[in-house]
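Enquirer: One structure, as structure tokens, below. Some questions next.
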Amino acid sequence: MIKRTKDWWGFETKNIDTSVRPQDNFYNYANGQWLKRAKIPKDESRWGSFITLRVKTEHQLKAIMDDVLKHKAYVKGSPEQMVSDYYRAAIDMKARNTLGMRPLAPLLKEIAAIQSKKELLDCVARLHVLGVSAFWGAGVDQDSKKSTKYIVHLVQDGLGLPDRDYYLEDKPEQKRVRDAYMVHIEKLLRLADTAPAEAKRVREVVMDIETKLAKASMKKEDLRDPEKTYHKKSLGELKALAPAVDWKNYFADTGAHKAKQFIVCQPKFFAFVSKLITDTPLTDLKTYLEWHVVNESAGLLSDKFVRENFNFYATVLSGVKVMKPLWRRALGATNGALGDALGKLYVAKHFPPASKRAMDALVDDLFAAYAERIKKLDWMSAGTKRKALIKLKSMNRKIGYPAKWRSYAGLKVSPQDYYGNVMCSTTYEHHRNMHKLGKPIDRGEWFMYPQTVNAYFLPTLNDIAFPAAILQWPFFDAQADAAVNYAAIGSVIGHEITHGFDDQGAKFDAQGNMRVWWTKKDVQNFTAKTKPFVAQANKEIAADGVHINGQLTLGENMADSGGLIIAYDAYQNHLKKTSRKTVGGLSPEERFFFGFAQAERELARPELVKMFALTDPHAAAPWRINGPLSNFEPFYKAFGIKKGDKLYRDPKTRAQVW
């Protein structure tokens with residue numbers, strides 16, 4: 001918890017490391033003493049501004065849950081009844097240990113009884129409804145080229161590892177994780193009383209099928225590109241593409257029987273899956289399904305299964321040493337299943353109307369600054385500027401919490417059946433998603449809960465959302481200096497707005513339709529301006545020889561840059577309305593950059609840094625500060641950056657779009 005003294009202005013000056021030159025590494029200069037003092041808790045993979053606020057929010061939710069748990073006679077179906085009963089079931093390890101693997105028995109029995117590939121595919125549909133990944137996935141979302149309509153999307157899926165490269169690359173990190181995954185398969189199966197020889201057979205079958213799926217999967221860099229993942233097909237075309245699957249039957253079983261057209265995100269993958277199902281012995285396909293049921297359910301079962309699931313997916317992949325306490329795990333599960341029910345209770349206690357008004361004002365300032373930036377661009381034509389300004393003005397702003405809370409009417413939650421609760425809530429959400437077909441677009445829908453410390457931009461709705469929980473220090477504090485608020489939450493706002501104009505968001509117009517609305521020359525200019533972002537990031541080492549992937553992180557790096565620039569402009573506009581003052585010997589500009597660096601400070605375990613570098617579109621924390629600053633002229637002026645300093649870049653090589 002931050003200690004506010006009379007001299008406190010929102011930045012913890014005790015964290016400045018004067019042994020580091022700000023001209024060489026501003027991230028370490030601003031945060032260095034904190035980085036030296038801080039310790040990552042044994043039950044965390046990282047620790048810093050975002051994570052400490054998330055933990056604070058968890059404790060706020062725990063206090064709400066403790067209060068709710070004091071009472072038992074709630075109206076059935078009320079938010080209090082559902083969240084309290086879900087939590088009670090999740091935290092009851094005595095009952096879960098008594099049950100062991102028994103909750104999986106019906107599904108495993110169903111798979112064992114399969115006698116044909118038709119029956120196998122019927123089972124795949126059932127598993128998809130229950131949230132178990134097998135071969136591919138399906139869901140309903142807006143049509144990217146006709147954003148007023150919902151359409152079924154079919155996507156590649158079915159891997160137990162985070163990315164295809166873990167199966168295909170023989171570099172040290174990928175091989176380490178792959179080898180550990182094979183050990184994990186055998187360990188988990190042995191816990192399920194599988195004979196040693198059978199466990200080895202299953203491991204070989206699973207690795208064979210998943211490696212083949214990985215080879216057919218689209219690369220993560222291409223998955224970012226909405227043009228590469230947009231392939232509209234009729235039912236007849238889908239049957240021709242993947243004839244081994246009875247698609248009409250599959251859609252009937254998954255609740256998408258109304259669908260007439262489909263977006264097949266990776267056609268080559270689906271053609272391969274069809275061939276794989278045709279060519280692979282039924283016994284092996286059943287083995288693959290059984291493994292995914294056991295592996296993806298392990299965290300819902302008894303202690304021994306939970307521990308092995310943690311050992312691989314937390315310790316091996318992320319370096320976490322100790323499991324989170326049971327209350328945090330149970331609360332996380334409850335939050336994931338009943339986020340709006342819990343969120344309604346959270347907002348009532350922790351998000352006063354004044355916070356929403358303050359955020360509205362900040363957002364207004366950022367939009368005004370962005371509009372001015374667009375008008376002054378020297379590389380964009382007048383016609384495209386007009387369309388960009390229309391898109392900016394059309395961008396919907398969601399702040400704090402939804403106007404209409406999500407209903408859970410009809411969802412049954414028991415205080416004695418954790419596994420059953422998870423299956424019921426997953427099925428409920430699956431059908432909620434499928435029921436969108438044929439209905440008007442819900443432009444008020446949120447895709448994060450109010451108690452989430454994060455934010456997002458959605459291109460097909462052209463909206464930005466800032467949940468209530470992120471509107472706390474170190475991102476926003478009514479008592480903090482405006483410089484810190486503009487730098488922290490302001491850069492988050494600017495970041496999300498910029499996603500509407502990054503290398504992929506720029507492909508969507510004001511109505512959320514993917515179409516070309518730029519001139520050819522503008523596209524060429526824009527593309528040229530993205531290249532320095534890629535080149536600069538590619539040179540940066542994240543950890544142990546693993547480099548940042550410049551192409552994968554391009555959108556986020558552009559958004560980090562845009563967030564900084566627009567927040568700075570908005571703050572400068574704010575200063576014109578107020579008096580400039582020095583605080584703690586620091587100018588307004590210096591305080592701004594300190595606030596910017598503080599909001600991203602983070603310690604992370606090497607395993608997590610490497611996994612994120614290999615799979616995540618966000619760059620490592622130091623680059624998210626030093627990268628944008630090294631390209632930003634006002635930072636050079638504030639801290640006297642000169643040629644020869646490590647953060648100096650020749651003006652011709654700097655990365656900046658907005």
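Ligands are numbered from 1 in the order shown, residues from 1 within each chain, and chains are lettered A, B, ... in the order they appear in the structure tokens.
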When you look at region 523-529 of chain A with a cut-off of 12 Å (counting only C-alpha atoms), what residues show up, excluding the ones that are within fewer than 4 positions of it in the same chain? I need them as a list in words.
Expert: Leu377, Asp378, Trp379, Met380, Ser381, Thr384, Phe501, Asp502, Asp503, Gln504, Ala506, Lys507, Val516, Trp517, Trp518, Thr519, Phe533, Val534, Ala535, Leu554, Met558, Lys652, Thr653, Arg654, Ala655, Gln656, Val657 and Trp658 of chain A
Enquirer: List as a list in words the protein and nucleic acid residues near Phe50 (chain A), meaning an atom at most 10 Å away when only C-alpha atoms are counted, but skip any in the same chain fewer than 3 places from it.
Expert: Arg46, Trp47, Leu53, Arg54, Val55, Lys56, Val453, Asn454, Ile470, Trp473, Pro474, Phe475, Ala599, Glu600, Arg601 and Glu602 of chain A
Enquirer: Limited to C-alpha atoms, could you put the picked residues into a file as a compact mmCIF listing (two decimals), in the first residue's frame?
Expert:
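This is the output file out-v6.txt:
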```
# COMPACT_ATOMS: atom_id res chain seq x y z
CA ARG A 46 5.97 -11.42 -11.96
CA TRP A 47 5.56 -8.43 -9.69
CA LEU A 53 -2.89 -3.59 -8.27
CA ARG A 54 -4.44 -6.89 -9.35
CA VAL A 55 -3.56 -8.41 -5.98
CA LYS A 56 -5.02 -5.35 -4.22
CA VAL A 453 -6.93 -4.34 -14.09
CA ASN A 454 -6.59 -3.87 -17.83
CA ILE A 470 -7.53 0.03 -13.37
CA TRP A 473 -2.87 4.22 -8.22
CA PRO A 474 -0.33 3.93 -9.86
CA PHE A 475 -2.53 4.53 -12.92
CA ALA A 599 3.32 2.55 -14.45
CA GLU A 600 5.24 -0.21 -16.24
CA ARG A 601 7.77 -1.24 -13.56
CA GLU A 602 7.95 -4.99 -13.24
```
Enquirer: Can you list, as a ChimeraX atom specification, all residues belonging to region 228-366 of chain A that DSSP tags as helix (DSSP H, G or I)?
Expert: /A:235-241,247-254,267-279,282-300,303-318,326-337,339-350,353-366
Enquirer: Selected residues, C-alpha atoms, written as an mmCIF file, in the first residue's frame, please.
Expert:
```cif
data_model
loop_
_atom_site.group_PDB
_atom_site.id
_atom_site.type_symbol
_atom_site.label_atom_id
_atom_site.label_comp_id
_atom_site.auth_asym_id
_atom_site.auth_seq_id
_atom_site.Cartn_x
_atom_site.Cartn_y
_atom_site.Cartn_z
ATOM 1 C CA LEU A 235 -21.695 -24.864 -45.583
ATOM 2 C CA GLY A 236 -21.044 -26.530 -48.925
ATOM 3 C CA GLU A 237 -17.618 -24.919 -49.231
ATOM 4 C CA LEU A 238 -16.771 -25.956 -45.672
ATOM 5 C CA LYS A 239 -17.766 -29.551 -46.445
ATOM 6 C CA ALA A 240 -15.540 -29.501 -49.518
ATOM 7 C CA LEU A 241 -12.650 -28.060 -47.513
ATOM 8 C CA TRP A 247 -20.472 -29.975 -40.310
ATOM 9 C CA LYS A 248 -24.259 -29.799 -40.345
ATOM 10 C CA ASN A 249 -24.359 -32.238 -37.454
ATOM 11 C CA TYR A 250 -21.530 -30.429 -35.642
ATOM 12 C CA PHE A 251 -23.313 -27.074 -35.787
ATOM 13 C CA ALA A 252 -26.581 -28.655 -34.659
ATOM 14 C CA ASP A 253 -24.788 -30.205 -31.660
ATOM 15 C CA THR A 254 -23.028 -26.959 -30.712
ATOM 16 C CA PRO A 267 -8.445 -22.950 -44.141
ATOM 17 C CA LYS A 268 -5.214 -24.953 -44.578
ATOM 18 C CA PHE A 269 -5.425 -26.069 -40.959
ATOM 19 C CA PHE A 270 -8.991 -27.334 -41.391
ATOM 20 C CA ALA A 271 -8.110 -29.170 -44.588
ATOM 21 C CA PHE A 272 -5.286 -30.843 -42.671
ATOM 22 C CA VAL A 273 -7.489 -31.732 -39.679
ATOM 23 C CA SER A 274 -9.911 -33.446 -42.028
ATOM 24 C CA LYS A 275 -7.092 -35.531 -43.460
ATOM 25 C CA LEU A 276 -5.702 -36.227 -39.982
ATOM 26 C CA ILE A 277 -9.046 -37.556 -38.766
ATOM 27 C CA THR A 278 -9.360 -39.711 -41.893
ATOM 28 C CA ASP A 279 -5.834 -41.131 -41.733
ATOM 29 C CA LEU A 282 -9.669 -44.362 -34.175
ATOM 30 C CA THR A 283 -7.867 -45.633 -31.060
ATOM 31 C CA ASP A 284 -5.271 -42.849 -31.319
ATOM 32 C CA LEU A 285 -7.899 -40.164 -31.866
ATOM 33 C CA LYS A 286 -9.744 -41.372 -28.766
ATOM 34 C CA THR A 287 -6.480 -41.271 -26.815
ATOM 35 C CA TYR A 288 -5.967 -37.662 -27.875
ATOM 36 C CA LEU A 289 -9.467 -36.717 -26.664
ATOM 37 C CA GLU A 290 -9.002 -38.546 -23.360
ATOM 38 C CA TRP A 291 -5.754 -36.686 -22.754
ATOM 39 C CA HIS A 292 -7.326 -33.286 -23.342
ATOM 40 C CA VAL A 293 -10.175 -34.073 -20.965
ATOM 41 C CA VAL A 294 -7.765 -35.125 -18.209
ATOM 42 C CA ASN A 295 -5.205 -32.379 -18.810
ATOM 43 C CA GLU A 296 -7.678 -29.511 -19.075
ATOM 44 C CA SER A 297 -9.672 -30.721 -16.062
ATOM 45 C CA ALA A 298 -6.699 -31.365 -13.754
ATOM 46 C CA GLY A 299 -6.971 -27.994 -12.023
ATOM 47 C CA LEU A 300 -10.589 -28.770 -11.067
ATOM 48 C CA ASP A 303 -4.863 -31.863 -4.723
ATOM 49 C CA LYS A 304 -2.544 -34.252 -6.533
ATOM 50 C CA PHE A 305 -3.941 -33.301 -9.944
ATOM 51 C CA VAL A 306 -3.918 -29.597 -9.089
ATOM 52 C CA ARG A 307 -0.262 -29.824 -8.033
ATOM 53 C CA GLU A 308 0.863 -31.530 -11.246
ATOM 54 C CA ASN A 309 -1.122 -29.076 -13.355
ATOM 55 C CA PHE A 310 0.604 -26.250 -11.447
ATOM 56 C CA ASN A 311 4.018 -27.901 -11.791
ATOM 57 C CA PHE A 312 3.917 -27.761 -15.582
ATOM 58 C CA TYR A 313 1.720 -24.805 -16.500
ATOM 59 C CA ALA A 314 3.011 -22.490 -13.738
ATOM 60 C CA THR A 315 6.467 -23.685 -12.669
ATOM 61 C CA VAL A 316 7.863 -24.952 -15.992
ATOM 62 C CA LEU A 317 6.276 -22.311 -18.212
ATOM 63 C CA SER A 318 6.340 -19.303 -15.876
ATOM 64 C CA LEU A 326 -6.656 -21.726 -2.047
ATOM 65 C CA TRP A 327 -8.821 -18.660 -1.466
ATOM 66 C CA ARG A 328 -7.152 -16.842 -4.378
ATOM 67 C CA ARG A 329 -7.616 -19.804 -6.698
ATOM 68 C CA ALA A 330 -11.258 -20.229 -5.666
ATOM 69 C CA LEU A 331 -11.895 -16.513 -6.034
ATOM 70 C CA GLY A 332 -10.261 -16.530 -9.490
ATOM 71 C CA ALA A 333 -12.499 -19.394 -10.584
ATOM 72 C CA THR A 334 -15.600 -17.634 -9.267
ATOM 73 C CA ASN A 335 -14.580 -14.420 -10.969
ATOM 74 C CA GLY A 336 -14.010 -16.210 -14.270
ATOM 75 C CA ALA A 337 -17.427 -17.876 -14.214
ATOM 76 C CA GLY A 339 -17.591 -11.980 -13.418
ATOM 77 C CA ASP A 340 -20.554 -9.663 -13.864
ATOM 78 C CA ALA A 341 -22.310 -10.935 -10.735
ATOM 79 C CA LEU A 342 -19.165 -10.313 -8.672
ATOM 80 C CA GLY A 343 -18.431 -7.119 -10.605
ATOM 81 C CA LYS A 344 -21.789 -5.620 -9.678
ATOM 82 C CA LEU A 345 -20.913 -6.062 -6.000
ATOM 83 C CA TYR A 346 -17.406 -4.669 -6.604
ATOM 84 C CA VAL A 347 -18.555 -1.505 -8.378
ATOM 85 C CA ALA A 348 -21.095 -0.719 -5.654
ATOM 86 C CA LYS A 349 -18.295 -0.672 -3.084
ATOM 87 C CA HIS A 350 -15.199 0.558 -4.941
ATOM 88 C CA PRO A 353 -19.417 8.304 -9.475
ATOM 89 C CA ALA A 354 -16.576 10.821 -8.963
ATOM 90 C CA SER A 355 -14.071 8.326 -10.386
ATOM 91 C CA LYS A 356 -16.143 7.925 -13.525
ATOM 92 C CA ARG A 357 -16.454 11.706 -13.971
ATOM 93 C CA ALA A 358 -12.689 12.169 -13.597
ATOM 94 C CA MET A 359 -12.017 9.429 -16.140
ATOM 95 C CA ASP A 360 -14.521 10.924 -18.592
ATOM 96 C CA ALA A 361 -12.633 14.227 -18.430
ATOM 97 C CA LEU A 362 -9.263 12.567 -19.006
ATOM 98 C CA VAL A 363 -10.605 10.602 -21.965
ATOM 99 C CA ASP A 364 -11.980 13.813 -23.476
ATOM 100 C CA ASP A 365 -8.525 15.383 -23.208
ATOM 101 C CA LEU A 366 -6.856 12.414 -24.899
#
```
Enquirer: Env of region 435-448 of chain A: 9 Å cut, atoms = only C-alpha atoms, seq-sep filter 4 positions within chain, self excluded. Answer as a PyMOL selection string.
Expert: chain A and resi 140-142+147-152+255-256+258-259+339+396+398+401-406+430-431+452+454-456+461+463+465-467
